[in-house]
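Visitor: Questions regarding the structure given below will be posed in turn.
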Amino acid sequence: MKKRNEKAYYWPAWFYQSLPKSLQIKVPQKLINKLQRANLYFWRALNIYDDFLDEKNKPKNLPIANSYFRRGLEIYYRLKIPNGFYSLFNKSWTKLDRANLQEINQRKIKISDNKIQYPMVWPKFINLQSLSDKSVILGLGALVILVWNGDKMSNLRVKGALNFFGYVLAAKQISDDARDWLSDLKNGLITPANLPILKKAKQENIILDIKKELTMINLLFATESSPYLLKSISFLAHQARRELIKIGCSTKNPLIENLIMPLENAVKEVKTFANLITRKG
């Protein structure tokens, strides 16, 4: 199977390459290859399922997602890892189901005649790390590598790897929300990136017309959303770096280069956009 462009395919290999040499010896390349294929299958399945939740996909793609899902599961269960891992594996899928159900039940904003109608009850995004519940399954290949080395599921190194991907994936979710905040708003989706805009506008009794008030909407993003997004992504990226140090990874490794640094660059982009808008305002 040829390597794909989706970066999630490389995550198990990047984790392996980031470990101290002493932890790489026992891990066969065949295992890394299998974990990469599983990650690719899960990544594709999760993206199709997520598009369904956002009403962006067609029914004909559902069998494709299910096929990817089954192929990823088959790889993991054929590895015959100790039972402690599979318990966590199943719990991760349960978290995904809960997160998807919560998103389905979450009230969307209504837009009538291009004007946003504010909901009576706001969704809550309190625990930042829980934002990774929809994708943390993509980081479990790292745990397989550590368990293959003889680590127990209760070891600090295993917990550190799980925390690392929890922080990174939560930060990535917020970064994606920051990138798509306006299109999500137009589609009636409430995310951590546009929630501060809506709350401030409702508090100030501002009528937001999605077509005529883009200047005002952009200004609210710069003044209300940007500080929260910058703080959140920076915090999560910092925590992810700390977990890597606990695991024993060097300060320069593929995980930092390919997962953390893009998040830190996203912070700079949000800051640049916010500064530009506030200057114009």
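Following the order of the structure tokens, first chain is A, next is B, and so on, with residues numbered from 1 inside each chain and ligands from 1 in the order they appear.
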At a cut-off of 9 Å, using only C-alpha atoms, what residues contact Asp133 of chain A? Leave out same-chain residues fewer than 3 positions from it and give the result as a PyMOL selection string.
Guide: chain A and resi 92-93+95-99+129-130+136-137+166+169-170
Visitor: Please, could you write that set of residues out with C-alpha atoms as a PDB file, in the first residue's frame?
Guide:
```pdb
ATOM      1  CA  SER A  92     -12.325   5.668  23.248  1.00  0.00           C
ATOM      2  CA  TRP A  93     -15.021   4.643  20.787  1.00  0.00           C
ATOM      3  CA  LYS A  95     -16.335   8.701  24.011  1.00  0.00           C
ATOM      4  CA  LEU A  96     -16.590   9.275  20.266  1.00  0.00           C
ATOM      5  CA  ASP A  97     -20.209   8.097  20.251  1.00  0.00           C
ATOM      6  CA  ARG A  98     -21.056  10.401  23.162  1.00  0.00           C
ATOM      7  CA  ALA A  99     -19.364  13.379  21.513  1.00  0.00           C
ATOM      8  CA  GLN A 129      -9.186  18.324  26.318  1.00  0.00           C
ATOM      9  CA  SER A 130     -12.604  16.703  25.847  1.00  0.00           C
ATOM     10  CA  VAL A 136      -8.315  10.563  20.120  1.00  0.00           C
ATOM     11  CA  ILE A 137      -8.613   7.080  18.593  1.00  0.00           C
ATOM     12  CA  GLY A 166      -5.434  14.412  23.825  1.00  0.00           C
ATOM     13  CA  LEU A 169      -6.043  16.747  18.960  1.00  0.00           C
ATOM     14  CA  ALA A 170      -8.026  19.188  21.122  1.00  0.00           C
TER      15      ALA A 170
END
```
Visitor: With 9 Å as the cut-off and only C-alpha atoms counted, what is the closest atom pair between each nearby residue of segment 39-78 of chain A and segment 31-34 of chain A? Distances in Å to one decimal, ordered by chain and number, as a Markdown table.
Guide:
```
| residue | atom | partner | partner_atom | distance |
| --- | --- | --- | --- | --- |
| A:Asn39 | CA | A:Lys34 | CA | 8.6 |
| A:Ile75 | CA | A:Lys34 | CA | 6.7 |
| A:Tyr76 | CA | A:Lys34 | CA | 8.4 |
```
Visitor: Write the residues of the selection above to a file with C-alpha atoms, as a short mmCIF file (atom, residue, chain, number, x, y, z; two decimals), in the first residue's frame.
Guide:
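Heads up, here's the output in out34.cif:
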```
data_model
loop_
_atom_site.label_atom_id
_atom_site.label_comp_id
_atom_site.auth_asym_id
_atom_site.auth_seq_id
_atom_site.Cartn_x
_atom_site.Cartn_y
_atom_site.Cartn_z
CA ASN A 39 -4.83 5.25 11.25
CA ILE A 75 -5.95 -4.51 12.04
CA TYR A 76 -6.11 -3.63 15.73
#
```
Visitor: Find the residues around Ala45 of chain A up to 9 Å (only C-alpha atoms counted), leave out those fewer than 5 positions away in its own chain, and share them as a list in words.
Guide: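 Result of the neighbour search: Leu40, Asp50, Leu62, Ile64, Ala65, Asn66, Ser67, Tyr68 and Phe69 of chain A.
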Visitor: Take the selection from the previous step and output its residues with N, CA and C atoms, as an mmCIF file, in the first residue's frame.
Guide:
```
data_model
loop_
_atom_site.group_PDB
_atom_site.id
_atom_site.type_symbol
_atom_site.label_atom_id
_atom_site.label_comp_id
_atom_site.auth_asym_id
_atom_site.auth_seq_id
_atom_site.Cartn_x
_atom_site.Cartn_y
_atom_site.Cartn_z
ATOM 1 N N LEU A 40 -4.931 5.488 8.856
ATOM 2 C CA LEU A 40 -5.464 6.031 7.610
ATOM 3 C C LEU A 40 -6.935 5.666 7.447
ATOM 4 N N ASP A 50 -18.070 12.632 10.216
ATOM 5 C CA ASP A 50 -18.169 14.012 10.681
ATOM 6 C C ASP A 50 -18.920 14.875 9.668
ATOM 7 N N LEU A 62 -21.636 6.513 2.988
ATOM 8 C CA LEU A 62 -21.708 5.795 4.266
ATOM 9 C C LEU A 62 -21.101 4.394 4.185
ATOM 10 N N ILE A 64 -18.738 3.435 2.338
ATOM 11 C CA ILE A 64 -17.284 3.625 2.234
ATOM 12 C C ILE A 64 -16.688 3.853 3.617
ATOM 13 N N ALA A 65 -17.356 4.708 4.411
ATOM 14 C CA ALA A 65 -16.898 4.974 5.777
ATOM 15 C C ALA A 65 -16.922 3.692 6.607
ATOM 16 N N ASN A 66 -17.987 2.929 6.492
ATOM 17 C CA ASN A 66 -18.095 1.687 7.252
ATOM 18 C C ASN A 66 -17.005 0.693 6.867
ATOM 19 N N SER A 67 -16.663 0.660 5.587
ATOM 20 C CA SER A 67 -15.590 -0.224 5.124
ATOM 21 C C SER A 67 -14.250 0.176 5.734
ATOM 22 N N TYR A 68 -13.950 1.476 5.720
ATOM 23 C CA TYR A 68 -12.712 1.954 6.350
ATOM 24 C C TYR A 68 -12.692 1.610 7.836
ATOM 25 N N PHE A 69 -13.819 1.818 8.487
ATOM 26 C CA PHE A 69 -13.936 1.557 9.920
ATOM 27 C C PHE A 69 -13.643 0.093 10.236
#
```
Visitor: Name the residues of segment 168-252 of chain A that come out as helix (DSSP H, G or I) in a backbone DSSP run; write them as a PyMOL selection string.
Guide: chain A and resi 168-179+181-186+195-203+214-247
Visitor: With only C-alpha atoms as the counted atoms, please give the residues lying no more than 9 Å from Gly72 of chain A, apart from itself and same-chain residues fewer than 6 positions off, as a VMD selection string.
Guide: chain A and resid 35 37 to 42
Visitor: Show me, as a list in words, the residues that have an atom within 12 Å of Arg279 of chain A when counting only C-alpha atoms, minus same-chain residues fewer than 4 positions from it.
Guide: Asn218, Leu219, Ala222, Thr223, Thr272, Phe273, Ala274 and Asn275 of chain A
Visitor: Can you tell me, as a ChimeraX atom specification, what residues are no more than 12 Å from segment 202-215 of chain A when counting only C-alpha atoms, ignoring any on the same chain fewer than 3 positions away?
Guide: /A:110-122,182-188,195-199,218-222,277-278,280-281
Visitor: What's the 9 Å shell around Ile174 of chain A, counting only C-alpha atoms, without same-chain residues fewer than 4 positions away, as a list in words?
Guide: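 The residues satisfying every condition are Leu128, Leu131, Leu169, Ala170, Ala178, Arg179, Thr191, Pro192, Ala193, Leu229, Ser232 and Ile233 of chain A.
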Visitor: Just to be explicit: take each residue in the selection above, keep C-alpha atoms, and write the result as a PDB file, in the first residue's frame.
Guide:
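Output file selection_1.pdb follows:
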```pdb
ATOM      1  CA  LEU A 128     -10.789  21.754  26.418  1.00  0.00           C
ATOM      2  CA  LEU A 131     -12.642  18.275  22.379  1.00  0.00           C
ATOM      3  CA  LEU A 169      -6.043  16.747  18.960  1.00  0.00           C
ATOM      4  CA  ALA A 170      -8.026  19.188  21.122  1.00  0.00           C
ATOM      5  CA  ALA A 178     -10.706  29.006  14.071  1.00  0.00           C
ATOM      6  CA  ARG A 179     -10.121  28.458  10.378  1.00  0.00           C
ATOM      7  CA  THR A 191     -18.220  26.199  17.793  1.00  0.00           C
ATOM      8  CA  PRO A 192     -15.680  27.440  20.361  1.00  0.00           C
ATOM      9  CA  ALA A 193     -14.479  29.867  17.684  1.00  0.00           C
ATOM     10  CA  LEU A 229      -8.568  30.911  20.689  1.00  0.00           C
ATOM     11  CA  SER A 232      -6.527  27.872  24.299  1.00  0.00           C
ATOM     12  CA  ILE A 233      -4.351  26.669  21.427  1.00  0.00           C
TER      13      ILE A 233
END
```
Visitor: Check segment 36-262 of chain A with DSSP on the backbone and list each residue it calls strand (DSSP E), as number ranges by chain.
Guide: A: 110-112, 115-117
Visitor: From the list A:Lys200, A:Lys134, A:Lys252, A:Lys124, which residue is nearest Lys91 of chain A when using only C-alpha atoms?
Guide: A:Lys134
Visitor: What is the distance, in Å and to one decimal place, between atom CA of Leu88 of chain A and atom CA of Met153 of chain A?
Guide: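 Atom-to-atom, atom CA of Leu88 of chain A to atom CA of Met153 of chain A, that is 8.9 Å.
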Visitor: Would you work out the distance separating atom CA of Tyr77 of chain A from atom CA of Ser135 of chain A, expressed in Å to one decimal?
Guide: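 Rounded to one decimal, the two atoms are 18.9 Å apart.
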